[in-house]
Structure formats: C-alpha cells, structure tokens
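> The following file, structure11.cif, comprises mmCIF, C-alpha atoms (C1' of nucleotides):
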```cif
data_target
#
loop_
_atom_site.label_atom_id
_atom_site.label_comp_id
_atom_site.auth_asym_id
_atom_site.auth_seq_id
_atom_site.Cartn_x
_atom_site.Cartn_y
_atom_site.Cartn_z
CA MET A 1 143.58 80.85 132.15
CA SER A 2 144.41 80.71 135.82
CA GLU A 3 141.00 82.07 136.67
CA PRO A 4 138.88 79.70 138.72
CA VAL A 5 136.42 77.73 136.70
CA LEU A 6 133.68 79.20 138.82
CA ALA A 7 134.25 81.90 141.41
CA VAL A 8 134.43 80.12 144.73
CA ASP A 9 131.37 80.65 146.83
CA PRO A 10 132.40 83.45 149.17
CA LEU A 11 129.82 82.33 151.69
CA SER A 12 131.09 78.80 152.07
CA SER A 13 133.54 79.73 154.78
CA LEU A 14 130.78 81.08 157.00
CA PRO A 15 129.94 78.42 159.58
CA GLY A 16 126.20 79.00 159.43
CA TYR A 17 126.11 78.80 155.69
CA ALA A 18 128.39 75.78 155.56
CA LEU A 19 126.20 74.06 158.10
CA ARG A 20 123.08 74.70 156.08
CA ARG A 21 124.63 73.52 152.85
CA ALA A 22 126.11 70.38 154.34
CA ALA A 23 122.88 69.43 156.05
CA ASN A 24 120.85 69.99 152.88
CA ALA A 25 123.24 67.91 150.82
CA MET A 26 123.38 65.05 153.30
CA MET A 27 119.65 64.94 153.93
CA ALA A 28 118.95 64.88 150.21
CA GLU A 29 121.34 61.96 149.99
CA LEU A 30 119.75 60.12 152.88
CA GLY A 31 116.29 60.76 151.56
CA ALA A 32 117.25 59.23 148.25
CA ARG A 33 118.69 56.17 149.94
CA LEU A 34 115.56 55.67 152.03
CA ALA A 35 113.19 56.17 149.11
CA PRO A 36 113.33 52.52 148.02
CA LEU A 37 111.97 51.61 151.47
CA ASP A 38 109.08 54.01 150.96
CA LEU A 39 110.12 55.89 154.06
CA ARG A 40 110.93 59.50 154.67
CA ILE A 41 113.69 60.55 156.99
CA SER A 42 111.23 61.35 159.77
CA ASP A 43 109.56 57.99 159.31
CA ALA A 44 112.86 56.19 159.65
CA SER A 45 113.74 58.26 162.72
CA VAL A 46 110.57 57.14 164.42
CA LEU A 47 111.23 53.49 163.67
CA LEU A 48 114.76 53.77 165.01
CA LEU A 49 113.54 55.57 168.10
CA ILE A 50 110.80 53.17 169.15
CA ALA A 51 112.84 50.06 168.45
CA GLY A 52 112.75 47.68 171.38
CA ARG A 53 110.30 49.82 173.31
CA ASP A 54 106.63 49.44 173.96
CA ASP A 55 105.97 52.50 176.05
CA MET A 56 106.51 55.55 173.89
CA THR A 57 103.53 57.74 173.15
CA SER A 58 103.12 59.97 170.14
CA SER A 59 103.75 63.01 172.31
CA GLU A 60 106.97 61.59 173.70
CA ILE A 61 108.28 60.68 170.28
CA GLY A 62 107.51 64.19 169.14
CA LYS A 63 109.36 65.72 172.06
CA VAL A 64 112.47 63.69 171.40
CA LEU A 65 112.48 64.23 167.64
CA ASP A 66 111.34 67.85 167.76
CA ILE A 67 108.13 67.19 165.90
CA GLN A 68 104.97 68.88 167.07
CA ARG A 69 102.03 66.83 168.21
CA ALA A 70 99.90 68.00 165.32
CA ASN A 71 102.53 66.95 162.82
CA MET A 72 102.93 63.52 164.38
CA VAL A 73 99.43 62.63 163.25
CA PRO A 74 100.00 62.27 159.51
CA LEU A 75 103.43 60.76 160.15
CA LEU A 76 102.10 57.98 162.37
CA GLY A 77 99.13 57.68 160.07
CA ARG A 78 101.48 56.76 157.25
CA LEU A 79 103.39 54.25 159.33
CA ASP A 80 100.13 52.75 160.55
CA ALA A 81 98.69 52.55 157.04
CA ALA A 82 101.87 50.78 155.96
CA GLY A 83 101.39 48.30 158.77
CA LEU A 84 104.69 49.17 160.41
CA ILE A 85 103.37 50.33 163.77
CA ARG A 86 100.45 49.59 166.02
CA ARG A 87 98.79 51.74 168.66
CA VAL A 88 98.50 49.99 171.99
CA PRO A 89 96.32 51.68 174.62
CA ILE A 90 98.11 52.62 177.83
CA ASP A 91 95.03 54.13 179.42
CA ARG A 92 91.98 55.80 178.00
CA LYS A 93 94.00 58.85 177.04
CA SER A 94 97.40 57.65 175.89
CA GLN A 95 98.59 54.98 173.55
CA ALA A 96 101.97 53.41 173.01
CA ILE A 97 103.39 53.31 169.50
CA VAL A 98 104.97 49.92 168.94
CA LEU A 99 106.53 48.18 165.99
CA THR A 100 104.64 45.41 164.26
CA GLY A 101 106.41 42.41 162.82
CA ALA A 102 106.53 44.16 159.47
CA GLY A 103 107.84 47.21 161.30
CA GLU A 104 110.67 45.19 162.78
CA ARG A 105 111.59 43.84 159.39
CA ARG A 106 111.50 47.28 157.80
CA LEU A 107 113.60 48.58 160.66
CA ALA A 108 116.30 46.08 159.84
CA GLU A 109 116.45 47.51 156.33
CA VAL A 110 116.52 51.02 157.73
CA ARG A 111 119.44 50.10 159.97
CA ALA A 112 121.36 48.71 157.01
CA ILE A 113 120.84 51.85 154.99
CA THR A 114 121.45 54.39 157.71
CA GLY A 115 124.47 52.52 158.98
CA ARG A 116 125.99 52.63 155.55
CA PHE A 117 125.02 56.26 155.21
CA GLU A 118 126.67 57.28 158.47
CA GLU A 119 129.83 55.45 157.47
CA ASP A 120 129.96 57.13 154.09
CA LEU A 121 129.30 60.50 155.64
CA MET A 122 132.14 60.20 158.11
CA ALA A 123 134.41 58.83 155.42
CA ARG A 124 134.03 62.04 153.45
CA ILE A 125 135.41 64.05 156.35
CA PRO A 126 139.23 64.15 156.44
CA ALA A 127 140.47 62.02 159.31
CA PRO A 128 141.88 64.84 161.44
CA HIS A 129 138.50 66.55 161.59
CA ARG A 130 136.47 63.42 162.06
CA PRO A 131 136.49 62.99 165.84
CA HIS A 132 135.42 66.60 166.32
CA PHE A 133 132.40 66.47 164.08
CA VAL A 134 129.63 65.00 166.19
CA PRO A 135 130.73 66.69 169.44
CA ALA A 136 130.70 70.06 167.72
CA LEU A 137 127.22 69.47 166.33
CA GLN A 138 125.94 68.28 169.68
CA ALA A 139 127.21 71.46 171.30
CA LEU A 140 125.01 73.48 168.97
CA VAL A 141 121.70 71.88 169.85
CA GLY A 142 121.91 72.08 173.64
CA MET B 143 117.30 56.90 191.34
CA SER B 144 120.22 56.91 188.93
CA GLU B 145 117.91 56.67 185.98
CA PRO B 146 118.23 59.61 183.59
CA VAL B 147 115.52 62.22 183.90
CA LEU B 148 114.66 61.65 180.29
CA ALA B 149 116.18 58.88 178.25
CA VAL B 150 118.85 60.57 176.17
CA ASP B 151 118.01 60.68 172.53
CA PRO B 152 119.66 57.53 171.22
CA LEU B 153 119.89 59.06 167.76
CA SER B 154 121.88 62.12 168.74
CA SER B 155 125.20 60.37 168.38
CA LEU B 156 124.53 59.53 164.75
CA PRO B 157 126.36 62.04 162.58
CA GLY B 158 123.56 62.42 160.08
CA TYR B 159 120.96 62.98 162.72
CA ALA B 160 123.17 65.35 164.69
CA LEU B 161 123.83 67.31 161.52
CA ARG B 162 120.15 67.64 160.79
CA ARG B 163 119.28 68.72 164.29
CA ALA B 164 122.08 71.24 164.55
CA ALA B 165 121.28 72.79 161.19
CA ASN B 166 117.58 73.03 162.03
CA ALA B 167 118.29 74.67 165.35
CA MET B 168 120.80 77.13 163.94
CA MET B 169 118.69 78.08 160.93
CA ALA B 170 115.68 78.69 163.14
CA GLU B 171 117.87 80.96 165.22
CA LEU B 172 119.23 82.83 162.22
CA GLY B 173 115.78 83.16 160.72
CA ALA B 174 114.54 84.75 163.92
CA ARG B 175 117.42 87.19 163.97
CA LEU B 176 116.82 88.20 160.36
CA ALA B 177 113.07 88.57 160.77
CA PRO B 178 113.30 92.18 161.99
CA LEU B 179 114.96 93.03 158.66
CA ASP B 180 112.06 91.43 156.80
CA LEU B 181 114.46 89.05 155.13
CA ARG B 182 114.57 85.29 154.93
CA ILE B 183 117.81 83.40 155.06
CA SER B 184 117.85 82.93 151.30
CA ASP B 185 117.16 86.61 150.78
CA ALA B 186 120.09 87.56 152.98
CA SER B 187 122.32 85.05 151.20
CA VAL B 188 121.59 86.69 147.89
CA LEU B 189 122.37 90.15 149.22
CA LEU B 190 125.65 88.92 150.66
CA LEU B 191 126.52 87.17 147.44
CA ILE B 192 125.94 90.02 145.01
CA ALA B 193 127.57 92.64 147.20
CA GLY B 194 130.11 94.65 145.24
CA ARG B 195 129.23 92.95 141.97
CA ASP B 196 127.23 94.10 139.03
CA ASP B 197 127.49 91.09 136.79
CA MET B 198 125.68 88.21 138.45
CA THR B 199 122.60 86.85 136.75
CA SER B 200 119.74 85.09 138.41
CA SER B 201 120.95 81.79 137.05
CA GLU B 202 124.46 82.29 138.36
CA ILE B 203 123.20 83.22 141.81
CA GLY B 204 121.10 80.12 141.79
CA LYS B 205 124.01 77.90 140.82
CA VAL B 206 126.17 79.23 143.63
CA LEU B 207 123.48 79.11 146.28
CA ASP B 208 121.93 75.85 145.11
CA ILE B 209 118.60 77.38 144.29
CA GLN B 210 116.86 76.34 141.12
CA ARG B 211 116.08 78.87 138.44
CA ALA B 212 112.36 78.50 138.98
CA ASN B 213 112.69 79.18 142.67
CA MET B 214 114.82 82.24 142.14
CA VAL B 215 111.85 84.02 140.60
CA PRO B 216 109.74 84.61 143.72
CA LEU B 217 112.90 85.24 145.73
CA LEU B 218 114.15 88.01 143.47
CA GLY B 219 110.60 89.22 143.10
CA ARG B 220 110.48 89.85 146.83
CA LEU B 221 113.82 91.65 146.87
CA ASP B 222 112.77 93.72 143.90
CA ALA B 223 109.42 94.59 145.42
CA ALA B 224 111.27 95.68 148.55
CA GLY B 225 113.45 97.92 146.44
CA LEU B 226 116.65 96.17 147.45
CA ILE B 227 117.78 95.01 144.02
CA ARG B 228 117.48 96.17 140.46
CA ARG B 229 117.66 94.18 137.23
CA VAL B 230 120.16 95.62 134.79
CA PRO B 231 120.04 94.24 131.25
CA ILE B 232 123.25 92.59 130.09
CA ASP B 233 121.84 91.67 126.71
CA ARG B 234 118.37 90.84 125.51
CA LYS B 235 118.43 87.53 127.30
CA SER B 236 120.29 88.07 130.56
CA GLN B 237 120.11 90.62 133.30
CA ALA B 238 122.44 91.40 136.14
CA ILE B 239 121.04 91.54 139.65
CA VAL B 240 122.55 94.52 141.45
CA LEU B 241 121.98 96.12 144.81
CA THR B 242 120.14 99.42 144.98
CA GLY B 243 121.07 102.07 147.53
CA ALA B 244 118.45 100.65 149.85
CA GLY B 245 119.90 97.22 149.17
CA GLU B 246 123.35 98.38 150.21
CA ARG B 247 121.98 99.82 153.42
CA ARG B 248 120.01 96.67 154.17
CA LEU B 249 123.09 94.63 153.46
CA ALA B 250 124.99 96.50 156.14
CA GLU B 251 122.33 95.43 158.63
CA VAL B 252 122.52 91.87 157.35
CA ARG B 253 126.28 91.86 157.84
CA ALA B 254 125.90 93.06 161.41
CA ILE B 255 123.40 90.34 162.22
CA THR B 256 125.07 87.46 160.43
CA GLY B 257 128.47 88.43 161.77
CA ARG B 258 127.13 88.31 165.28
CA PHE B 259 125.37 85.07 164.52
CA GLU B 260 128.49 83.35 163.20
CA GLU B 261 130.41 84.48 166.26
CA ASP B 262 127.76 83.17 168.62
CA LEU B 263 127.57 79.91 166.72
CA MET B 264 131.29 79.27 166.92
CA ALA B 265 131.32 80.32 170.54
CA ARG B 266 128.96 77.49 171.39
CA ILE B 267 131.41 74.94 170.07
CA PRO B 268 134.07 73.93 172.59
CA ALA B 269 137.43 75.41 171.57
CA PRO B 270 139.15 72.13 170.72
CA HIS B 271 136.52 71.28 168.14
CA ARG B 272 136.22 74.75 166.70
CA PRO B 273 138.91 74.79 164.02
CA HIS B 274 137.62 71.49 162.62
CA PHE B 275 134.04 72.57 162.19
CA VAL B 276 133.94 74.45 158.90
CA PRO B 277 136.50 72.23 157.14
CA ALA B 278 134.49 69.14 158.04
CA LEU B 279 131.29 70.68 156.72
CA GLN B 280 132.98 71.82 153.54
CA ALA B 281 134.20 68.30 152.94
CA LEU B 282 130.60 67.11 152.91
CA VAL B 283 129.33 69.37 150.17
CA GLY B 284 132.04 68.75 147.58
"C1'" DA C 285 85.75 63.32 196.28
"C1'" DT C 286 85.98 66.58 193.30
"C1'" DA C 287 87.13 70.68 190.85
"C1'" DC C 288 90.74 72.47 187.97
"C1'" DG C 289 94.71 72.72 185.30
"C1'" DA C 290 97.51 70.01 182.36
"C1'" DT C 291 98.02 66.54 178.86
"C1'" DT C 292 96.73 63.59 174.95
"C1'" DG C 293 95.41 62.93 170.39
"C1'" DC C 294 93.33 65.01 166.91
"C1'" DT C 295 91.24 68.45 162.99
"C1'" DA C 296 91.91 72.14 160.08
"C1'" DT C 297 94.54 75.51 158.03
"C1'" DA C 298 98.25 78.27 156.34
"C1'" DG C 299 102.97 79.27 155.19
"C1'" DT C 300 107.67 78.03 153.78
"C1'" DC C 301 110.53 75.72 150.78
"C1'" DA C 302 112.10 72.77 147.19
"C1'" DA C 303 111.24 70.03 142.83
"C1'" DT C 304 109.32 69.13 138.12
"C1'" DA C 305 107.71 70.10 133.70
"C1'" DG C 306 107.10 73.09 130.18
"C1'" DC C 307 107.17 77.52 127.52
"C1'" DT C 308 109.29 81.53 124.87
"C1'" DT C 309 112.96 84.29 123.69
"C1'" DT C 310 117.64 84.93 122.95
"C1'" DC C 311 122.38 83.51 122.51
"C1'" DC C 312 126.16 80.95 120.69
"C1'" DT C 313 128.54 77.91 117.64
"C1'" DG C 314 129.53 74.90 113.73
"C1'" DC D 315 122.11 80.51 109.42
"C1'" DA D 316 120.38 76.31 111.57
"C1'" DG D 317 120.24 73.77 115.90
"C1'" DG D 318 121.30 73.23 120.48
"C1'" DA D 319 121.95 75.49 124.80
"C1'" DA D 320 120.78 78.87 128.11
"C1'" DA D 321 117.91 82.54 130.40
"C1'" DG D 322 113.88 83.86 132.61
"C1'" DC D 323 109.56 82.70 133.60
"C1'" DT D 324 104.71 80.16 134.71
"C1'" DA D 325 102.32 76.70 136.96
"C1'" DT D 326 101.88 73.02 139.93
"C1'" DT D 327 103.09 69.67 143.30
"C1'" DG D 328 104.79 67.67 147.50
"C1'" DA D 329 107.23 67.68 151.91
"C1'" DC D 330 107.52 69.90 156.08
"C1'" DT D 331 106.44 73.18 159.68
"C1'" DA D 332 103.59 76.22 162.57
"C1'" DT D 333 99.26 77.82 164.78
"C1'" DA D 334 94.84 77.60 166.74
"C1'" DG D 335 91.43 75.13 168.60
"C1'" DC D 336 88.61 71.01 170.54
"C1'" DA D 337 86.99 66.97 173.25
"C1'" DA D 338 88.27 63.53 176.29
"C1'" DT D 339 91.07 62.05 179.96
"C1'" DC D 340 94.43 62.34 183.60
"C1'" DG D 341 96.59 63.99 187.90
"C1'" DT D 342 96.59 66.64 191.80
"C1'" DA D 343 95.49 69.54 195.60
"C1'" DT D 344 92.40 70.72 198.32
#
```
Could you render the structure as structure tokens?

Amino acid sequence: MSEPVLAVDPLSSLPGYALRRAANAMMAELGARLAPLDLRISDASVLLLIAGRDDMTSSEIGKVLDIQRANMVPLLGRLDAAGLIRRVPIDRKSQAIVLTGAGERRLAEVRAITGRFEEDLMARIPAPHRPHFVPALQALVG
Amino acid sequence: MSEPVLAVDPLSSLPGYALRRAANAMMAELGARLAPLDLRISDASVLLLIAGRDDMTSSEIGKVLDIQRANMVPLLGRLDAAGLIRRVPIDRKSQAIVLTGAGERRLAEVRAITGRFEEDLMARIPAPHRPHFVPALQALVG
DNA sequence: ATACGATTGCTATAGTCAATAGCTTTCCTG
DNA sequence: CAGGAAAGCTATTGACTATAGCAATCGTAT
C-alpha cells in the first residue's frame, strides 16, 4: 500500500546518469519542436551559428560545434538542398557558408522555437537551482 | 589585439546547447573508461540496476532505463554471451535477468570505474554550483 | 621561388544507438 | 473461457558518429 508505484530508479542520483537522462529527454523534446521546420538539431545549430556572418568555413563550423569535417558534408548538403545556405568562395580552397534569404527566414523560425524551448527548460528547474545550471554545465566541457 | 583568439561559441550560454555538449563530453569520457571492461554505458547501467535483485525482467529494466523492449534484446544478448547475466524463468512468459558470478565480479569493476567517474565529474564543477547540479537535472526528466 | 607540411572539402565505409512495426506465446481478468 | 494486455523477439530503418583516405590548394621557411 505504501510501496512506491514503481521502485525509484536507483541510478538517478548519480550525476553522470542524471546528465545523460536529462540530455536525452531535452534533445528529444527539442527535436520534436524543430521537426515542423524540417530541421534537425545540428541543422538549427549551424543556422544559429552562422547568423550575421559571411566568413565561416565548413571546417570552422565543425570545430565550434564539435562536428567532424566528414560529417559536415551531408549536413551542409541538406541545408544547401533546402536552399537555406550558399557556398561563397573565399579562395580556391575555402568557401564561406552563408545564409540565403530563405535561410534568414527559416532562422527566424528557429529562434522563435529555440527561445521558447530554452525558456521552458529553465522553467522546469526549481528557482534556487536555476542560476547554477548553465555554469555547471559549462565547467564540464572545458 | 584585444580580439578573442577564437570567437567564443555564441551558443554555449544556451541551456539546451550547454546540456547537449556537456552530456556528449561526459558520456564520451565514461565510454572510454568503461571500454577496458568491454562494456558500453548501457551495459554497465543494466549491471548496476540488477545488482542484488533476482526479479527484474527485461521489460522492467527497459522501463527504468528508458530502453525500448526491442533494443533490450541485443543488449542482453551481449551480456549473456559474455556470461555476465543469466535468464531465470519466472513463468512461461517472463524471465528474470540475474547476475552470474562473473557478472558480480564485473560489476565490482564497474562500480570502481563509475564511482571514480562520478567523483571526477563533480570535482570539475565549481563548489558553489555543485549541490544544485543533480537536483536540476532530475527536475528535467520528470 | 619553391619544396613541403598543413589544411580544405570531399568520398566511402562502418559502427553505435534509437525508433517503428509486427509477430507469437503467455498471462490476467471479467 | 474469451479478449485484451504484456512479454520477448525479429526485422528494418534512420540519425549520428568515427575512421581512413584522396586531390587540390594554401602558407611558410628556406
């Protein structure tokens, strides 16, 4: 009668496990919200990153977002095929990835969705913990 | 002269993005530490979960760990093939997944590694943020 | 100026992981 | 004891990551 409905996950208090679970849950949520825009999370990240810039190469984007050069190819291929980006030659070796007009418009939709998402995410965290969340995460990547 | 060496990732202050990055980095780290045991993170999670129990079915493990029934099959198949678990019939439909002797011994190694990992993870977070970390993450999964 | 190492963008491939649909057998309940 | 739910499984797909390798170009240090 007083038994828990389901035994509480004994792993959920482990920081590593909690981190994995939370990230999985939130990324599934974000992915679902971006789906109507026909964009994956990585796609949206690229749009957000190159906004207002005309000098970022594929390699540079990959370095910042932790995506390998080889894996940037199909990603940018999708964005290009969707008409959201354009490749502008810098020299005969490098090319800048820049937003097209359609890319700018799609970016505005991305901003609306991700902005809402970030708000909702933070809102789920009890207020006392809230200001510590991003700093703690940032300390882990360094 | 005062320009940053590399433009700081403008996305890193977004909670969702920071969460994703931190989780990726930490899981890559944990995966590397578990590799010598020939276990993946999910494998180790299962061992930790069924420790000291003899009544958990594949479906129950999946519910707790957020792994679908279909995906539990190859996972348990690996653990079985490695001799770490045994399937004990509960009735003609269900079977309990229990640790073998080898499973118990492997689990001890897992505990040593994950314990160390959790310590190192928390140590990277500045002390003031530390007590807020797990509670904040737990609030996100509910 | 030029030779050499590094970088860019790319192909091709393989592995991990999660998600879906569907099947059979067994269990449980009305 | 009939019908729905659950267990365990097969099969397949897609997203994402990782590795190796290649040709062309760039930058630099002689």
> Translate the PyMOL selection byres ((chain B) within 10 of (chain D)) into a concrete residue list for this structure, as a tab-separated table (two decimals) with C-alpha atoms, keeping the file's coordinate frame.

```tsv
chain	number	residue	atom	x	y	z
B	199	THR	CA	122.60	86.85	136.75
B	200	SER	CA	119.74	85.09	138.41
B	201	SER	CA	120.95	81.79	137.05
B	211	ARG	CA	116.08	78.87	138.44
B	212	ALA	CA	112.36	78.50	138.98
B	214	MET	CA	114.82	82.24	142.14
B	215	VAL	CA	111.85	84.02	140.60
B	234	ARG	CA	118.37	90.84	125.51
B	235	LYS	CA	118.43	87.53	127.30
B	236	SER	CA	120.29	88.07	130.56
B	237	GLN	CA	120.11	90.62	133.30
```
> Starting from the displayed file, determine the output of the PyMOL selection byres ((chain A) within 9 of (chain B)) and express the residue list as number ranges by chain.
A: 6-27, 30, 45, 48-49, 64-66, 114, 117-118, 121-122, 124-126, 128-141
> For atom CA of Gln68 of chain A and atom CA of Asn213 of chain B, determine how far apart the two atoms are, in Å to one decimal place.
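Computing the Euclidean distance for atom CA of Gln68 of chain A and atom CA of Asn213 of chain B yields 27.6 Å.
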> Pick out the residues sitting within 6 Å of Val98 of chain A, and hand them over as number ranges by chain; count all atoms listed in the file, and ignore anything fewer than 5 positions along from it in its own chain.
A: 54, 85-86
> Could you give the RMSD, in Å, left over when chain B is least-squares superposed onto chain A across all Cα atoms paired sequentially?
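Between these identical-sequence chains, the C-alpha RMSD is 0.3 Å.
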> Pick out the closest residue to chain B from this set: C:DT297, C:DT313, C:DT292, C:DT304. Count all atoms listed in the file.
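Selected residue with least distance to chain B: C:DT304.
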> Calculate how many Å separate atom CA of Arg247 of chain B from atom CA of Gly194 of chain B, rounding to one decimal.
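So the two atoms, atom CA of Arg247 of chain B and atom CA of Gly194 of chain B, lie 12.6 Å apart.
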> Taking the file as shown, find all residues satisfying the PyMOL selection byres ((chain C) within 10 of (chain B)) and write them as a list in words.
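Selection result, ordered by chain and number: DC301, DA302, DA303, DT304, DT309, DT310 and DC311 of chain C.
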> If I take atom CA of Pro89 of chain A and atom C1' of DG293 of chain C, how far is one from the other in Å, to one decimal?
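So the answer is 12.1 Å.
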